[in-house]
Each structure stands twice: as C-alpha cells, then as structure tokens.
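**Student:** Contents are mmCIF, C-alpha atoms; file name protein_8.cif:
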data_upload
loop_
_atom_site.group_PDB
_atom_site.id
_atom_site.type_symbol
_atom_site.label_atom_id
_atom_site.label_comp_id
_atom_site.auth_asym_id
_atom_site.auth_seq_id
_atom_site.Cartn_x
_atom_site.Cartn_y
_atom_site.Cartn_z
ATOM 1 C CA MET A 131 14.449 -1.405 25.838
ATOM 2 C CA LYS A 132 12.895 -2.354 22.519
ATOM 3 C CA VAL A 133 13.809 -5.496 20.621
ATOM 4 C CA ILE A 134 13.161 -5.768 16.891
ATOM 5 C CA VAL A 135 13.344 -9.067 15.040
ATOM 6 C CA CYS A 136 13.063 -9.099 11.268
ATOM 7 C CA VAL A 137 11.392 -12.188 9.870
ATOM 8 C CA LYS A 138 11.372 -13.372 6.281
ATOM 9 C CA GLN A 139 9.271 -15.987 4.545
ATOM 10 C CA VAL A 140 11.289 -18.418 2.456
ATOM 11 C CA PRO A 141 10.285 -21.269 0.144
ATOM 12 C CA ASP A 142 9.744 -24.604 1.900
ATOM 13 C CA THR A 143 12.242 -26.827 0.105
ATOM 14 C CA SER A 144 11.327 -29.896 2.169
ATOM 15 C CA GLY A 145 8.246 -30.364 -0.013
ATOM 16 C CA LYS A 146 7.613 -29.804 -3.678
ATOM 17 C CA VAL A 147 10.310 -27.699 -5.328
ATOM 18 C CA ALA A 148 9.231 -25.962 -8.532
ATOM 19 C CA VAL A 149 11.752 -24.552 -10.979
ATOM 20 C CA LYS A 150 11.021 -22.165 -13.845
ATOM 21 C CA PRO A 151 12.479 -22.837 -17.316
ATOM 22 C CA ASP A 152 15.149 -20.195 -16.670
ATOM 23 C CA GLY A 153 16.401 -22.178 -13.641
ATOM 24 C CA THR A 154 15.017 -19.925 -10.879
ATOM 25 C CA LEU A 155 12.594 -21.062 -8.187
ATOM 26 C CA ASP A 156 8.900 -20.712 -8.981
ATOM 27 C CA ARG A 157 8.007 -19.228 -5.602
ATOM 28 C CA ALA A 158 4.345 -18.735 -6.520
ATOM 29 C CA SER A 159 3.763 -22.493 -6.663
ATOM 30 C CA MET A 160 5.731 -23.364 -3.513
ATOM 31 C CA ALA A 161 4.675 -23.300 0.124
ATOM 32 C CA THR A 162 6.453 -20.781 2.358
ATOM 33 C CA ILE A 163 7.806 -21.034 5.902
ATOM 34 C CA ILE A 164 9.494 -18.670 8.331
ATOM 35 C CA ASN A 165 13.251 -18.733 7.889
ATOM 36 C CA PRO A 166 14.519 -21.200 10.573
ATOM 37 C CA ASP A 167 17.209 -18.736 11.722
ATOM 38 C CA ASP A 168 14.509 -16.090 12.167
ATOM 39 C CA LYS A 169 12.576 -18.504 14.413
ATOM 40 C CA ASN A 170 15.678 -18.740 16.604
ATOM 41 C CA ALA A 171 15.847 -14.933 16.754
ATOM 42 C CA ILE A 172 12.200 -14.768 17.850
ATOM 43 C CA GLU A 173 12.889 -17.285 20.631
ATOM 44 C CA ALA A 174 15.932 -15.276 21.768
ATOM 45 C CA ALA A 175 13.906 -12.042 21.793
ATOM 46 C CA LEU A 176 11.152 -13.666 23.858
ATOM 47 C CA ALA A 177 13.714 -15.012 26.336
ATOM 48 C CA LEU A 178 15.207 -11.510 26.626
ATOM 49 C CA LYS A 179 11.726 -10.113 27.204
ATOM 50 C CA ASP A 180 11.139 -12.611 30.010
ATOM 51 C CA GLN A 181 14.482 -11.740 31.623
ATOM 52 C CA THR A 182 14.205 -7.959 31.399
ATOM 53 C CA GLY A 183 10.481 -7.238 31.155
ATOM 54 C CA CYS A 184 10.984 -5.125 28.039
ATOM 55 C CA LYS A 185 8.025 -4.140 25.903
ATOM 56 C CA THR A 186 7.179 -6.375 22.972
ATOM 57 C CA ILE A 187 5.497 -5.197 19.795
ATOM 58 C CA VAL A 188 4.876 -7.639 16.985
ATOM 59 C CA ARG A 189 4.133 -6.353 13.513
ATOM 60 C CA SER A 190 3.947 -8.164 10.253
ATOM 61 C CA TRP A 191 4.344 -6.736 6.789
ATOM 62 C CA GLN A 192 5.184 -7.921 3.339
ATOM 63 C CA TRP A 193 7.256 -6.215 0.697
ATOM 64 C CA ALA A 194 5.824 -6.048 -2.781
#
Take the structure I supplied and represent it as structure tokens, if you would.

**Tutor:**
Amino acid sequence: MKVIVCVKQVPDTSGKVAVKPDGTLDRASMATIINPDDKNAIEAALALKDQTGCKTIVRSWQWA
C-alpha cells in the first residue's frame, strides 16, 4: 500500500497580514505555514503506516 498526502503552504494569518492595493493578499511579504488540515492528513498517514507497515515516501515540491 502507498499513501500520498498533498501538502500546501498557506499564508500565516495569525501574524502580519499584508494586502495589496487591489485587495488581494500580498503573499510575498507574509510568512507561510503548512495548511492545518494538511498537518492532520500527515498525522493520519503516519498512524496508518504504523498500523499497516506500509512504505512511506516523502517528497516536497513547489509549483511555480
């Protein structure tokens, strides 16, 4: 069995929130975090790995 978890970086809105003049977020000037729901998915995948002994491969990439 292989388990794949997709993870996305999102702006950290608990700190400084920057907004461009057009009303959109200025992501370049904001810190990023892993989406909290994605963290839960990672924890669930690791628990499944511990229960079943399935192989785990972790890869990271970023879309342009």

**Student:** Which polymer residues have any atom within 7 Å of an atom of A:Pro141, counting all atoms listed in the file, with same-chain residues fewer than 4 positions away left out, as a list in words?

**Tutor:**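 Final neighbour list, sorted by chain and number: Arg157, Met160, Ala161, Thr162 and Ile163 of chain A.
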
**Student:** For the file shown, what are the residues hit by the PyMOL selection byres ((chain A and resi 148) around 9), laid out as a PyMOL selection string?

**Tutor:** chain A and resi 146-147+149-150+154-160

**Student:** Let me see the file: selected residues, C-alpha atoms, as a CSV table (one decimal), keeping the file's coordinate frame.

**Tutor:**
chain,number,residue,atom,x,y,z
A,146,LYS,CA,7.6,-29.8,-3.7
A,147,VAL,CA,10.3,-27.7,-5.3
A,149,VAL,CA,11.8,-24.6,-11.0
A,150,LYS,CA,11.0,-22.2,-13.8
A,154,THR,CA,15.0,-19.9,-10.9
A,155,LEU,CA,12.6,-21.1,-8.2
A,156,ASP,CA,8.9,-20.7,-9.0
A,157,ARG,CA,8.0,-19.2,-5.6
A,158,ALA,CA,4.3,-18.7,-6.5
A,159,SER,CA,3.8,-22.5,-6.7
A,160,MET,CA,5.7,-23.4,-3.5

**Student:** Do a neighbour search on A:Leu176 at 12 Å with all atoms listed in the file, toss out local chain neighbours closer than 3 positions, and write the hits as a list in words.

**Tutor:** Lys132, Val133, Ile134, Val135, Lys169, Asn170, Ala171, Ile172, Glu173, Lys179, Asp180, Gln181, Thr182, Gly183, Cys184, Lys185, Thr186, Ile187 and Val188 of chain A

**Student:** With C-alpha atoms retained, could you export that selection as a JSON list (two decimals), keeping the file's coordinate frame?

**Tutor:**
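That gives us part_12.json:
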[["chain", "number", "residue", "atom", "x", "y", "z"],
["A", 132, "LYS", "CA", 12.90, -2.35, 22.52],
["A", 133, "VAL", "CA", 13.81, -5.50, 20.62],
["A", 134, "ILE", "CA", 13.16, -5.77, 16.89],
["A", 135, "VAL", "CA", 13.34, -9.07, 15.04],
["A", 169, "LYS", "CA", 12.58, -18.50, 14.41],
["A", 170, "ASN", "CA", 15.68, -18.74, 16.60],
["A", 171, "ALA", "CA", 15.85, -14.93, 16.75],
["A", 172, "ILE", "CA", 12.20, -14.77, 17.85],
["A", 173, "GLU", "CA", 12.89, -17.28, 20.63],
["A", 179, "LYS", "CA", 11.73, -10.11, 27.20],
["A", 180, "ASP", "CA", 11.14, -12.61, 30.01],
["A", 181, "GLN", "CA", 14.48, -11.74, 31.62],
["A", 182, "THR", "CA", 14.20, -7.96, 31.40],
["A", 183, "GLY", "CA", 10.48, -7.24, 31.16],
["A", 184, "CYS", "CA", 10.98, -5.12, 28.04],
["A", 185, "LYS", "CA", 8.02, -4.14, 25.90],
["A", 186, "THR", "CA", 7.18, -6.38, 22.97],
["A", 187, "ILE", "CA", 5.50, -5.20, 19.80],
["A", 188, "VAL", "CA", 4.88, -7.64, 16.98]]

**Student:** Quick check, in Å to one decimal: how far apart do atom CA of A:Asn165 and atom CA of A:Gly145 lie?

**Tutor:**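 Atom CA of A:Gly145 lies at a distance of 14.9 Å from atom CA of A:Asn165.
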
**Student:** Enter the distance from atom CA of A:Gly153 to atom CA of A:Gln139, in Å, rounded to one decimal.

**Tutor:**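 Going from atom CA of A:Gly153 over to atom CA of A:Gln139, I get 20.5 Å.
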
**Student:** Would you kindly translate the PyMOL selection byres ((chain A and resi 137) around 6) into the concrete residues it picks from this file, as a list in words?

**Tutor:**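 Selection result, ordered by chain and number: Cys136, Lys138 and Asp168 of chain A.
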
**Student:** Complete stretch 136-147 of chain A with all heavy atoms (output as a PDB file, keeping the file's coordinate frame).

**Tutor:**
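What ended up in result.pdb:
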ATOM      1  N   CYS A 136      13.549  -9.054  12.643  1.00  0.00           N
ATOM      2  CA  CYS A 136      13.063  -9.099  11.268  1.00  0.00           C
ATOM      3  C   CYS A 136      12.869 -10.558  10.861  1.00  0.00           C
ATOM      4  O   CYS A 136      13.714 -11.397  11.132  1.00  0.00           O
ATOM      5  CB  CYS A 136      14.065  -8.434  10.327  1.00  0.00           C
ATOM      6  SG  CYS A 136      14.297  -6.685  10.680  1.00  0.00           S
ATOM      7  N   VAL A 137      11.742 -10.825  10.248  1.00  0.00           N
ATOM      8  CA  VAL A 137      11.392 -12.188   9.870  1.00  0.00           C
ATOM      9  C   VAL A 137      11.089 -12.223   8.382  1.00  0.00           C
ATOM     10  O   VAL A 137      10.416 -11.339   7.860  1.00  0.00           O
ATOM     11  CB  VAL A 137      10.164 -12.673  10.669  1.00  0.00           C
ATOM     12  CG1 VAL A 137       9.754 -14.068  10.263  1.00  0.00           C
ATOM     13  CG2 VAL A 137      10.440 -12.618  12.156  1.00  0.00           C
ATOM     14  N   LYS A 138      11.589 -13.251   7.718  1.00  0.00           N
ATOM     15  CA  LYS A 138      11.372 -13.372   6.281  1.00  0.00           C
ATOM     16  C   LYS A 138      10.765 -14.733   5.960  1.00  0.00           C
ATOM     17  O   LYS A 138      11.157 -15.749   6.532  1.00  0.00           O
ATOM     18  CB  LYS A 138      12.705 -13.230   5.542  1.00  0.00           C
ATOM     19  CG  LYS A 138      12.578 -13.308   4.039  1.00  0.00           C
ATOM     20  CD  LYS A 138      13.914 -13.093   3.370  1.00  0.00           C
ATOM     21  CE  LYS A 138      13.755 -13.174   1.861  1.00  0.00           C
ATOM     22  NZ  LYS A 138      15.016 -12.983   1.178  1.00  0.00           N
ATOM     23  N   GLN A 139       9.811 -14.727   5.051  1.00  0.00           N
ATOM     24  CA  GLN A 139       9.271 -15.987   4.545  1.00  0.00           C
ATOM     25  C   GLN A 139      10.185 -16.486   3.434  1.00  0.00           C
ATOM     26  O   GLN A 139      10.651 -15.718   2.606  1.00  0.00           O
ATOM     27  CB  GLN A 139       7.872 -15.793   3.986  1.00  0.00           C
ATOM     28  CG  GLN A 139       6.819 -15.584   5.033  1.00  0.00           C
ATOM     29  CD  GLN A 139       5.433 -15.556   4.423  1.00  0.00           C
ATOM     30  OE1 GLN A 139       5.259 -15.337   3.234  1.00  0.00           O
ATOM     31  NE2 GLN A 139       4.441 -15.781   5.247  1.00  0.00           N
ATOM     32  N   VAL A 140      10.437 -17.792   3.471  1.00  0.00           N
ATOM     33  CA  VAL A 140      11.289 -18.418   2.456  1.00  0.00           C
ATOM     34  C   VAL A 140      10.569 -19.633   1.891  1.00  0.00           C
ATOM     35  O   VAL A 140       9.666 -20.184   2.540  1.00  0.00           O
ATOM     36  CB  VAL A 140      12.657 -18.820   3.041  1.00  0.00           C
ATOM     37  CG1 VAL A 140      13.458 -17.595   3.461  1.00  0.00           C
ATOM     38  CG2 VAL A 140      12.498 -19.775   4.210  1.00  0.00           C
ATOM     39  N   PRO A 141      10.925 -20.080   0.706  1.00  0.00           N
ATOM     40  CA  PRO A 141      10.285 -21.269   0.144  1.00  0.00           C
ATOM     41  C   PRO A 141      10.581 -22.501   0.995  1.00  0.00           C
ATOM     42  O   PRO A 141      11.686 -22.661   1.505  1.00  0.00           O
ATOM     43  CB  PRO A 141      10.916 -21.420  -1.237  1.00  0.00           C
ATOM     44  CG  PRO A 141      11.550 -20.119  -1.543  1.00  0.00           C
ATOM     45  CD  PRO A 141      11.876 -19.484  -0.235  1.00  0.00           C
ATOM     46  N   ASP A 142       9.579 -23.353   1.168  1.00  0.00           N
ATOM     47  CA  ASP A 142       9.744 -24.604   1.900  1.00  0.00           C
ATOM     48  C   ASP A 142      10.296 -25.643   0.937  1.00  0.00           C
ATOM     49  O   ASP A 142       9.575 -26.196   0.110  1.00  0.00           O
ATOM     50  CB  ASP A 142       8.411 -25.061   2.483  1.00  0.00           C
ATOM     51  CG  ASP A 142       8.537 -26.303   3.331  1.00  0.00           C
ATOM     52  OD1 ASP A 142       9.672 -26.785   3.533  1.00  0.00           O
ATOM     53  OD2 ASP A 142       7.502 -26.797   3.796  1.00  0.00           O
ATOM     54  N   THR A 143      11.595 -25.894   1.031  1.00  0.00           N
ATOM     55  CA  THR A 143      12.242 -26.827   0.105  1.00  0.00           C
ATOM     56  C   THR A 143      12.147 -28.276   0.570  1.00  0.00           C
ATOM     57  O   THR A 143      12.662 -29.160  -0.103  1.00  0.00           O
ATOM     58  CB  THR A 143      13.715 -26.451  -0.113  1.00  0.00           C
ATOM     59  OG1 THR A 143      14.370 -26.432   1.160  1.00  0.00           O
ATOM     60  CG2 THR A 143      13.840 -25.095  -0.791  1.00  0.00           C
ATOM     61  N   SER A 144      11.484 -28.515   1.711  1.00  0.00           N
ATOM     62  CA  SER A 144      11.327 -29.896   2.169  1.00  0.00           C
ATOM     63  C   SER A 144      10.176 -30.587   1.433  1.00  0.00           C
ATOM     64  O   SER A 144      10.050 -31.800   1.489  1.00  0.00           O
ATOM     65  CB  SER A 144      11.084 -29.945   3.674  1.00  0.00           C
ATOM     66  OG  SER A 144       9.834 -29.368   3.994  1.00  0.00           O
ATOM     67  N   GLY A 145       9.357 -29.810   0.759  1.00  0.00           N
ATOM     68  CA  GLY A 145       8.246 -30.364  -0.013  1.00  0.00           C
ATOM     69  C   GLY A 145       8.529 -30.276  -1.495  1.00  0.00           C
ATOM     70  O   GLY A 145       9.655 -30.479  -1.953  1.00  0.00           O
ATOM     71  N   LYS A 146       7.499 -29.922  -2.222  1.00  0.00           N
ATOM     72  CA  LYS A 146       7.613 -29.804  -3.678  1.00  0.00           C
ATOM     73  C   LYS A 146       8.450 -28.580  -4.042  1.00  0.00           C
ATOM     74  O   LYS A 146       8.190 -27.474  -3.593  1.00  0.00           O
ATOM     75  CB  LYS A 146       6.208 -29.661  -4.275  1.00  0.00           C
ATOM     76  CG  LYS A 146       6.191 -29.411  -5.761  1.00  0.00           C
ATOM     77  CD  LYS A 146       4.775 -29.084  -6.245  1.00  0.00           C
ATOM     78  CE  LYS A 146       4.842 -28.419  -7.592  1.00  0.00           C
ATOM     79  NZ  LYS A 146       3.665 -27.661  -7.902  1.00  0.00           N
ATOM     80  N   VAL A 147       9.470 -28.797  -4.850  1.00  0.00           N
ATOM     81  CA  VAL A 147      10.310 -27.699  -5.328  1.00  0.00           C
ATOM     82  C   VAL A 147      10.001 -27.492  -6.808  1.00  0.00           C
ATOM     83  O   VAL A 147      10.113 -28.411  -7.608  1.00  0.00           O
ATOM     84  CB  VAL A 147      11.810 -28.003  -5.136  1.00  0.00           C
ATOM     85  CG1 VAL A 147      12.658 -26.888  -5.712  1.00  0.00           C
ATOM     86  CG2 VAL A 147      12.127 -28.208  -3.662  1.00  0.00           C
TER      87      VAL A 147
END
